[in-house]
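Source file: work.tsv; contents: TSV, N, CA and C atoms.
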```tsv
chain	number	residue	atom	x	y	z
L	1	ASP	N	-48.02	60.72	-59.14
L	1	ASP	CA	-48.08	62.07	-58.58
L	1	ASP	C	-48.28	62.02	-57.07
L	2	LEU	N	-47.64	62.96	-56.40
L	2	LEU	CA	-47.84	63.09	-54.96
L	2	LEU	C	-49.09	63.92	-54.73
L	3	THR	N	-50.13	63.29	-54.25
L	3	THR	CA	-51.35	64.03	-53.93
L	3	THR	C	-51.25	64.55	-52.51
L	4	LEU	N	-52.05	65.54	-52.22
L	4	LEU	CA	-52.07	66.10	-50.87
L	4	LEU	C	-52.46	65.03	-49.85
L	5	LEU	N	-53.38	64.17	-50.23
L	5	LEU	CA	-53.80	63.10	-49.34
L	5	LEU	C	-52.64	62.13	-49.06
L	6	ALA	N	-51.89	61.77	-50.09
L	6	ALA	CA	-50.74	60.87	-49.92
L	6	ALA	C	-49.67	61.52	-49.06
L	7	VAL	N	-49.44	62.81	-49.27
L	7	VAL	CA	-48.45	63.52	-48.45
L	7	VAL	C	-48.92	63.56	-47.00
L	8	GLY	N	-50.20	63.79	-46.79
L	8	GLY	CA	-50.75	63.79	-45.43
L	8	GLY	C	-50.55	62.45	-44.74
L	9	ARG	N	-50.79	61.36	-45.46
L	9	ARG	CA	-50.57	60.03	-44.89
L	9	ARG	C	-49.09	59.82	-44.59
L	10	MET	N	-48.23	60.28	-45.50
L	10	MET	CA	-46.79	60.15	-45.30
L	10	MET	C	-46.36	60.90	-44.04
L	11	LEU	N	-46.85	62.11	-43.87
L	11	LEU	CA	-46.50	62.90	-42.69
L	11	LEU	C	-46.97	62.21	-41.41
L	12	GLY	N	-48.09	61.53	-41.49
L	12	GLY	CA	-48.61	60.81	-40.34
L	12	GLY	C	-47.74	59.63	-39.93
L	13	ARG	N	-46.94	59.12	-40.85
L	13	ARG	CA	-46.04	58.00	-40.54
L	13	ARG	C	-44.73	58.47	-39.94
L	14	LEU	N	-44.44	59.75	-40.05
L	14	LEU	CA	-43.20	60.31	-39.51
L	14	LEU	C	-43.39	60.70	-38.05
L	15	SER	N	-42.27	60.86	-37.35
L	15	SER	CA	-42.37	61.41	-36.00
L	15	SER	C	-42.88	62.84	-36.09
L	16	GLU	N	-43.38	63.34	-34.98
L	16	GLU	CA	-43.91	64.71	-34.97
L	16	GLU	C	-42.86	65.72	-35.40
L	17	LYS	N	-41.64	65.57	-34.90
L	17	LYS	CA	-40.57	66.52	-35.25
L	17	LYS	C	-40.17	66.38	-36.71
L	18	ALA	N	-40.13	65.16	-37.22
L	18	ALA	CA	-39.76	64.96	-38.62
L	18	ALA	C	-40.80	65.59	-39.54
L	19	ALA	N	-42.07	65.39	-39.21
L	19	ALA	CA	-43.14	65.97	-40.01
L	19	ALA	C	-43.08	67.50	-39.97
L	20	ALA	N	-42.87	68.05	-38.77
L	20	ALA	CA	-42.77	69.51	-38.63
L	20	ALA	C	-41.59	70.05	-39.41
L	21	ALA	N	-40.46	69.37	-39.34
L	21	ALA	CA	-39.27	69.81	-40.07
L	21	ALA	C	-39.52	69.82	-41.58
L	22	PHE	N	-40.17	68.77	-42.08
L	22	PHE	CA	-40.47	68.69	-43.50
L	22	PHE	C	-41.36	69.83	-43.95
L	23	VAL	N	-42.41	70.09	-43.18
L	23	VAL	CA	-43.34	71.17	-43.54
L	23	VAL	C	-42.64	72.52	-43.48
L	24	MET	N	-41.87	72.75	-42.42
L	24	MET	CA	-41.16	74.04	-42.31
L	24	MET	C	-40.19	74.25	-43.46
L	25	ALA	N	-39.50	73.19	-43.84
L	25	ALA	CA	-38.51	73.30	-44.92
L	25	ALA	C	-39.17	73.43	-46.29
L	26	GLN	N	-40.14	72.56	-46.57
L	26	GLN	CA	-40.70	72.50	-47.92
L	26	GLN	C	-41.82	73.51	-48.17
L	27	VAL	N	-42.62	73.79	-47.17
L	27	VAL	CA	-43.75	74.70	-47.37
L	27	VAL	C	-43.35	76.14	-47.04
L	28	ASP	N	-42.70	76.30	-45.88
L	28	ASP	CA	-42.35	77.64	-45.42
L	28	ASP	C	-40.99	78.12	-45.92
L	29	GLY	N	-40.13	77.18	-46.37
L	29	GLY	CA	-38.79	77.57	-46.83
L	29	GLY	C	-37.85	77.96	-45.70
L	30	THR	N	-38.12	77.46	-44.51
L	30	THR	CA	-37.30	77.79	-43.34
L	30	THR	C	-35.94	77.11	-43.45
L	31	PRO	N	-34.86	77.85	-43.21
L	31	PRO	CA	-33.52	77.24	-43.23
L	31	PRO	C	-33.38	76.18	-42.14
L	32	TYR	N	-32.58	75.16	-42.43
L	32	TYR	CA	-32.39	74.05	-41.50
L	32	TYR	C	-31.95	74.52	-40.12
L	33	ARG	N	-31.05	75.51	-40.06
L	33	ARG	CA	-30.56	75.98	-38.74
L	33	ARG	C	-31.70	76.57	-37.92
L	34	ASP	N	-32.64	77.24	-38.57
L	34	ASP	CA	-33.78	77.81	-37.86
L	34	ASP	C	-34.76	76.73	-37.42
L	35	ILE	N	-34.94	75.72	-38.26
L	35	ILE	CA	-35.81	74.59	-37.89
L	35	ILE	C	-35.21	73.89	-36.68
L	36	ALA	N	-33.90	73.67	-36.71
L	36	ALA	CA	-33.22	73.00	-35.60
L	36	ALA	C	-33.42	73.77	-34.30
L	37	ALA	N	-33.28	75.07	-34.37
L	37	ALA	CA	-33.47	75.90	-33.16
L	37	ALA	C	-34.91	75.82	-32.67
L	38	THR	N	-35.86	75.85	-33.58
L	38	THR	CA	-37.27	75.79	-33.21
L	38	THR	C	-37.63	74.45	-32.56
L	39	LEU	N	-37.09	73.37	-33.12
L	39	LEU	CA	-37.44	72.03	-32.64
L	39	LEU	C	-36.52	71.54	-31.52
L	40	GLY	N	-35.46	72.29	-31.25
L	40	GLY	CA	-34.55	71.92	-30.17
L	40	GLY	C	-33.69	70.71	-30.47
L	41	VAL	N	-33.32	70.55	-31.74
L	41	VAL	CA	-32.45	69.45	-32.15
L	41	VAL	C	-31.30	70.02	-32.99
L	42	SER	N	-30.36	69.17	-33.33
L	42	SER	CA	-29.22	69.62	-34.15
L	42	SER	C	-29.63	69.77	-35.61
L	43	GLU	N	-28.84	70.56	-36.34
L	43	GLU	CA	-29.08	70.71	-37.77
L	43	GLU	C	-28.89	69.37	-38.48
L	44	ARG	N	-27.97	68.56	-37.97
L	44	ARG	CA	-27.76	67.22	-38.53
L	44	ARG	C	-29.03	66.38	-38.42
L	45	MET	N	-29.73	66.50	-37.29
L	45	MET	CA	-30.98	65.75	-37.11
L	45	MET	C	-32.04	66.24	-38.08
L	46	ILE	N	-32.07	67.53	-38.35
L	46	ILE	CA	-33.02	68.07	-39.32
L	46	ILE	C	-32.76	67.44	-40.69
L	47	LYS	N	-31.49	67.33	-41.06
L	47	LYS	CA	-31.15	66.70	-42.35
L	47	LYS	C	-31.64	65.26	-42.38
L	48	LYS	N	-31.53	64.56	-41.26
L	48	LYS	CA	-32.02	63.18	-41.17
L	48	LYS	C	-33.54	63.14	-41.32
L	49	TYR	N	-34.23	64.05	-40.63
L	49	TYR	CA	-35.69	64.11	-40.73
L	49	TYR	C	-36.13	64.36	-42.17
L	50	ILE	N	-35.48	65.31	-42.84
L	50	ILE	CA	-35.84	65.65	-44.22
L	50	ILE	C	-35.58	64.45	-45.13
L	51	ALA	N	-34.47	63.76	-44.90
L	51	ALA	CA	-34.16	62.58	-45.70
L	51	ALA	C	-35.23	61.50	-45.52
L	52	GLN	N	-35.69	61.30	-44.29
L	52	GLN	CA	-36.74	60.32	-44.03
L	52	GLN	C	-38.01	60.68	-44.80
L	53	ALA	N	-38.38	61.95	-44.77
L	53	ALA	CA	-39.59	62.40	-45.46
L	53	ALA	C	-39.43	62.27	-46.96
L	54	MET	N	-38.27	62.62	-47.49
L	54	MET	CA	-38.04	62.52	-48.93
L	54	MET	C	-38.08	61.07	-49.40
L	55	LEU	N	-37.56	60.17	-48.58
L	55	LEU	CA	-37.64	58.75	-48.92
L	55	LEU	C	-39.10	58.32	-49.00
L	56	GLN	N	-39.90	58.75	-48.04
L	56	GLN	CA	-41.32	58.41	-48.07
L	56	GLN	C	-42.00	58.97	-49.32
L	57	CYS	N	-41.63	60.19	-49.71
L	57	CYS	CA	-42.18	60.79	-50.93
L	57	CYS	C	-41.79	59.97	-52.15
L	58	ALA	N	-40.54	59.52	-52.20
L	58	ALA	CA	-40.06	58.71	-53.33
L	58	ALA	C	-40.81	57.38	-53.40
L	59	LEU	N	-41.07	56.80	-52.23
L	59	LEU	CA	-41.82	55.53	-52.20
L	59	LEU	C	-43.24	55.73	-52.68
L	60	ILE	N	-43.85	56.85	-52.31
L	60	ILE	CA	-45.21	57.15	-52.79
L	60	ILE	C	-45.20	57.29	-54.30
L	61	GLU	N	-44.24	58.04	-54.83
L	61	GLU	CA	-44.17	58.24	-56.27
L	61	GLU	C	-43.93	56.94	-57.02
L	62	ALA	N	-43.19	56.03	-56.39
L	62	ALA	CA	-42.92	54.73	-57.01
L	62	ALA	C	-44.11	53.78	-56.86
L	63	GLY	N	-45.12	54.22	-56.11
L	63	GLY	CA	-46.30	53.39	-55.90
L	63	GLY	C	-46.09	52.30	-54.87
L	64	LEU	N	-45.07	52.44	-54.04
L	64	LEU	CA	-44.73	51.39	-53.09
L	64	LEU	C	-45.25	51.64	-51.68
L	65	ASN	N	-45.74	52.85	-51.43
L	65	ASN	CA	-46.09	53.19	-50.04
L	65	ASN	C	-47.22	54.20	-49.98
L	66	ALA	N	-48.21	54.03	-50.79
L	66	ALA	CA	-49.28	55.04	-50.88
L	66	ALA	C	-50.21	55.04	-49.71
```
Go through the file and emit its structure as structure tokens.
Amino acid sequence: DLTLLAVGRMLGRLSEKAAAAFVMAQVDGTPYRDIAATLGVSERMIKKYIAQAMLQCALIEAGLNA
């Protein structure tokens, strides 16, 4: 299970923008285009940030990166 503590540690391993993008997308439900505008990056970069965070979540669930 992904605990809040594990997610917090995962977010700490990401860049500031990647962590912010993940939170805006997953917690707030903000569309990628709006996140991109807020963070001053391309929508493609937001997709990359989200992919990085999702990989970290998968590693936590697999018990490989807690």
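Atom pair atom CA of Glu43 of chain L / atom CA of Leu64 of chain L: separated by 29.2 Å.
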Subject >> alpha helix (DSSP H) residues, from DSSP on the backbone, in chain L, as a ChimeraX atom specification >> reply: /L:4-13,16-26,32-39,43-61
Shortest contact to Gly40 of chain L, candidates L:Leu5, L:Ala21, L:Val27, L:Ala58, atoms counted only C-alpha atoms, goes to L:Ala21
| field | Leu11 of chain L environment, 10 Å, only C-alpha atoms, sequence neighbours closer than 6 positions dropped, as a PyMOL selection string | value | chain L and resi 5+18-20+22-23+53+56-57
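Here atom CA of Thr3 of chain L and atom CA of Asp34 of chain L stand 27.5 Å from one another.
Separating atom N of Ile60 of chain L from atom CA of Asp28 of chain L is a distance of 22.0 Å.
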Using 3 Å of padding on each side, determine the axis-aligned box around all atoms of segment 18-35 of chain L present in the file and give its centre and edge lengths in Å to one decimal, as lines of an AutoDock Vina configuration file.
```
center_x = -37.2
center_y = 71.5
center_z = -42.4
size_x = 19.2
size_y = 19.2
size_z = 17.5
```
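Among the candidates L:Pro31, L:Gln52, L:Leu39, L:Glu61, the one nearest to Leu14 of chain L when counting only N, CA and C atoms is L:Gln52.
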File output, segment 20-56 of chain L (N, CA and C atoms) as a PDB file, in the first residue's frame:
```
ATOM      1  N   ALA L  20       5.265  19.223  -7.644  1.00  0.00           N
ATOM      2  CA  ALA L  20       4.107  20.120  -7.746  1.00  0.00           C
ATOM      3  C   ALA L  20       3.142  19.643  -8.818  1.00  0.00           C
ATOM      4  N   ALA L  21       3.672  19.212  -9.952  1.00  0.00           N
ATOM      5  CA  ALA L  21       2.820  18.722 -11.039  1.00  0.00           C
ATOM      6  C   ALA L  21       2.024  17.499 -10.595  1.00  0.00           C
ATOM      7  N   PHE L  22       2.676  16.581  -9.899  1.00  0.00           N
ATOM      8  CA  PHE L  22       2.004  15.375  -9.419  1.00  0.00           C
ATOM      9  C   PHE L  22       0.865  15.720  -8.470  1.00  0.00           C
ATOM     10  N   VAL L  23       1.140  16.605  -7.527  1.00  0.00           N
ATOM     11  CA  VAL L  23       0.111  16.995  -6.550  1.00  0.00           C
ATOM     12  C   VAL L  23      -1.044  17.706  -7.252  1.00  0.00           C
ATOM     13  N   MET L  24      -0.725  18.632  -8.146  1.00  0.00           N
ATOM     14  CA  MET L  24      -1.800  19.354  -8.852  1.00  0.00           C
ATOM     15  C   MET L  24      -2.660  18.405  -9.673  1.00  0.00           C
ATOM     16  N   ALA L  25      -2.029  17.436 -10.314  1.00  0.00           N
ATOM     17  CA  ALA L  25      -2.781  16.498 -11.161  1.00  0.00           C
ATOM     18  C   ALA L  25      -3.574  15.496 -10.332  1.00  0.00           C
ATOM     19  N   GLN L  26      -2.929  14.892  -9.341  1.00  0.00           N
ATOM     20  CA  GLN L  26      -3.554  13.794  -8.607  1.00  0.00           C
ATOM     21  C   GLN L  26      -4.457  14.246  -7.467  1.00  0.00           C
ATOM     22  N   VAL L  27      -4.095  15.310  -6.793  1.00  0.00           N
ATOM     23  CA  VAL L  27      -4.887  15.764  -5.644  1.00  0.00           C
ATOM     24  C   VAL L  27      -5.945  16.776  -6.075  1.00  0.00           C
ATOM     25  N   ASP L  28      -5.505  17.756  -6.866  1.00  0.00           N
ATOM     26  CA  ASP L  28      -6.408  18.836  -7.264  1.00  0.00           C
ATOM     27  C   ASP L  28      -7.180  18.537  -8.541  1.00  0.00           C
ATOM     28  N   GLY L  29      -6.696  17.570  -9.348  1.00  0.00           N
ATOM     29  CA  GLY L  29      -7.368  17.255 -10.609  1.00  0.00           C
ATOM     30  C   GLY L  29      -7.158  18.316 -11.682  1.00  0.00           C
ATOM     31  N   THR L  30      -6.075  19.064 -11.571  1.00  0.00           N
ATOM     32  CA  THR L  30      -5.783  20.130 -12.529  1.00  0.00           C
ATOM     33  C   THR L  30      -5.374  19.535 -13.873  1.00  0.00           C
ATOM     34  N   PRO L  31      -5.944  20.026 -14.969  1.00  0.00           N
ATOM     35  CA  PRO L  31      -5.543  19.534 -16.298  1.00  0.00           C
ATOM     36  C   PRO L  31      -4.074  19.847 -16.581  1.00  0.00           C
ATOM     37  N   TYR L  32      -3.432  18.972 -17.347  1.00  0.00           N
ATOM     38  CA  TYR L  32      -2.011  19.126 -17.652  1.00  0.00           C
ATOM     39  C   TYR L  32      -1.699  20.490 -18.263  1.00  0.00           C
ATOM     40  N   ARG L  33      -2.562  20.982 -19.161  1.00  0.00           N
ATOM     41  CA  ARG L  33      -2.283  22.282 -19.806  1.00  0.00           C
ATOM     42  C   ARG L  33      -2.250  23.409 -18.781  1.00  0.00           C
ATOM     43  N   ASP L  34      -3.096  23.324 -17.763  1.00  0.00           N
ATOM     44  CA  ASP L  34      -3.113  24.345 -16.719  1.00  0.00           C
ATOM     45  C   ASP L  34      -1.894  24.227 -15.807  1.00  0.00           C
ATOM     46  N   ILE L  35      -1.484  22.996 -15.524  1.00  0.00           N
ATOM     47  CA  ILE L  35      -0.280  22.781 -14.719  1.00  0.00           C
ATOM     48  C   ILE L  35       0.925  23.350 -15.466  1.00  0.00           C
ATOM     49  N   ALA L  36       0.992  23.068 -16.765  1.00  0.00           N
ATOM     50  CA  ALA L  36       2.097  23.557 -17.586  1.00  0.00           C
ATOM     51  C   ALA L  36       2.171  25.081 -17.543  1.00  0.00           C
ATOM     52  N   ALA L  37       1.030  25.721 -17.667  1.00  0.00           N
ATOM     53  CA  ALA L  37       0.999  27.189 -17.630  1.00  0.00           C
ATOM     54  C   ALA L  37       1.436  27.708 -16.264  1.00  0.00           C
ATOM     55  N   THR L  38       0.991  27.064 -15.209  1.00  0.00           N
ATOM     56  CA  THR L  38       1.348  27.483 -13.851  1.00  0.00           C
ATOM     57  C   THR L  38       2.847  27.334 -13.590  1.00  0.00           C
ATOM     58  N   LEU L  39       3.414  26.220 -14.059  1.00  0.00           N
ATOM     59  CA  LEU L  39       4.818  25.935 -13.782  1.00  0.00           C
ATOM     60  C   LEU L  39       5.768  26.509 -14.830  1.00  0.00           C
ATOM     61  N   GLY L  40       5.202  27.025 -15.920  1.00  0.00           N
ATOM     62  CA  GLY L  40       6.034  27.633 -16.957  1.00  0.00           C
ATOM     63  C   GLY L  40       6.825  26.639 -17.779  1.00  0.00           C
ATOM     64  N   VAL L  41       6.245  25.453 -17.989  1.00  0.00           N
ATOM     65  CA  VAL L  41       6.881  24.428 -18.808  1.00  0.00           C
ATOM     66  C   VAL L  41       5.870  23.919 -19.832  1.00  0.00           C
ATOM     67  N   SER L  42       6.327  23.073 -20.735  1.00  0.00           N
ATOM     68  CA  SER L  42       5.431  22.522 -21.755  1.00  0.00           C
ATOM     69  C   SER L  42       4.540  21.427 -21.166  1.00  0.00           C
ATOM     70  N   GLU L  43       3.436  21.168 -21.848  1.00  0.00           N
ATOM     71  CA  GLU L  43       2.551  20.081 -21.435  1.00  0.00           C
ATOM     72  C   GLU L  43       3.286  18.739 -21.540  1.00  0.00           C
ATOM     73  N   ARG L  44       4.167  18.633 -22.517  1.00  0.00           N
ATOM     74  CA  ARG L  44       4.973  17.414 -22.668  1.00  0.00           C
ATOM     75  C   ARG L  44       5.835  17.185 -21.422  1.00  0.00           C
ATOM     76  N   MET L  45       6.397  18.261 -20.875  1.00  0.00           N
ATOM     77  CA  MET L  45       7.213  18.137 -19.663  1.00  0.00           C
ATOM     78  C   MET L  45       6.357  17.702 -18.477  1.00  0.00           C
ATOM     79  N   ILE L  46       5.129  18.180 -18.414  1.00  0.00           N
ATOM     80  CA  ILE L  46       4.226  17.755 -17.338  1.00  0.00           C
ATOM     81  C   ILE L  46       3.997  16.255 -17.434  1.00  0.00           C
ATOM     82  N   LYS L  47       3.796  15.748 -18.639  1.00  0.00           N
ATOM     83  CA  LYS L  47       3.608  14.296 -18.825  1.00  0.00           C
ATOM     84  C   LYS L  47       4.837  13.538 -18.337  1.00  0.00           C
ATOM     85  N   LYS L  48       6.018  14.085 -18.597  1.00  0.00           N
ATOM     86  CA  LYS L  48       7.258  13.458 -18.133  1.00  0.00           C
ATOM     87  C   LYS L  48       7.323  13.469 -16.606  1.00  0.00           C
ATOM     88  N   TYR L  49       6.984  14.608 -15.999  1.00  0.00           N
ATOM     89  CA  TYR L  49       6.986  14.708 -14.539  1.00  0.00           C
ATOM     90  C   TYR L  49       6.030  13.689 -13.915  1.00  0.00           C
ATOM     91  N   ILE L  50       4.828  13.587 -14.478  1.00  0.00           N
ATOM     92  CA  ILE L  50       3.831  12.655 -13.938  1.00  0.00           C
ATOM     93  C   ILE L  50       4.323  11.217 -14.088  1.00  0.00           C
ATOM     94  N   ALA L  51       4.944  10.917 -15.221  1.00  0.00           N
ATOM     95  CA  ALA L  51       5.487   9.575 -15.438  1.00  0.00           C
ATOM     96  C   ALA L  51       6.565   9.249 -14.408  1.00  0.00           C
ATOM     97  N   GLN L  52       7.427  10.217 -14.106  1.00  0.00           N
ATOM     98  CA  GLN L  52       8.470  10.011 -13.098  1.00  0.00           C
ATOM     99  C   GLN L  52       7.849   9.693 -11.741  1.00  0.00           C
ATOM    100  N   ALA L  53       6.827  10.450 -11.376  1.00  0.00           N
ATOM    101  CA  ALA L  53       6.167  10.240 -10.084  1.00  0.00           C
ATOM    102  C   ALA L  53       5.450   8.901 -10.047  1.00  0.00           C
ATOM    103  N   MET L  54       4.789   8.536 -11.139  1.00  0.00           N
ATOM    104  CA  MET L  54       4.078   7.259 -11.180  1.00  0.00           C
ATOM    105  C   MET L  54       5.044   6.082 -11.094  1.00  0.00           C
ATOM    106  N   LEU L  55       6.207   6.217 -11.713  1.00  0.00           N
ATOM    107  CA  LEU L  55       7.227   5.177 -11.600  1.00  0.00           C
ATOM    108  C   LEU L  55       7.652   5.026 -10.148  1.00  0.00           C
ATOM    109  N   GLN L  56       7.867   6.140  -9.469  1.00  0.00           N
ATOM    110  CA  GLN L  56       8.240   6.076  -8.057  1.00  0.00           C
ATOM    111  C   GLN L  56       7.144   5.403  -7.228  1.00  0.00           C
TER     112      GLN L  56
END
```
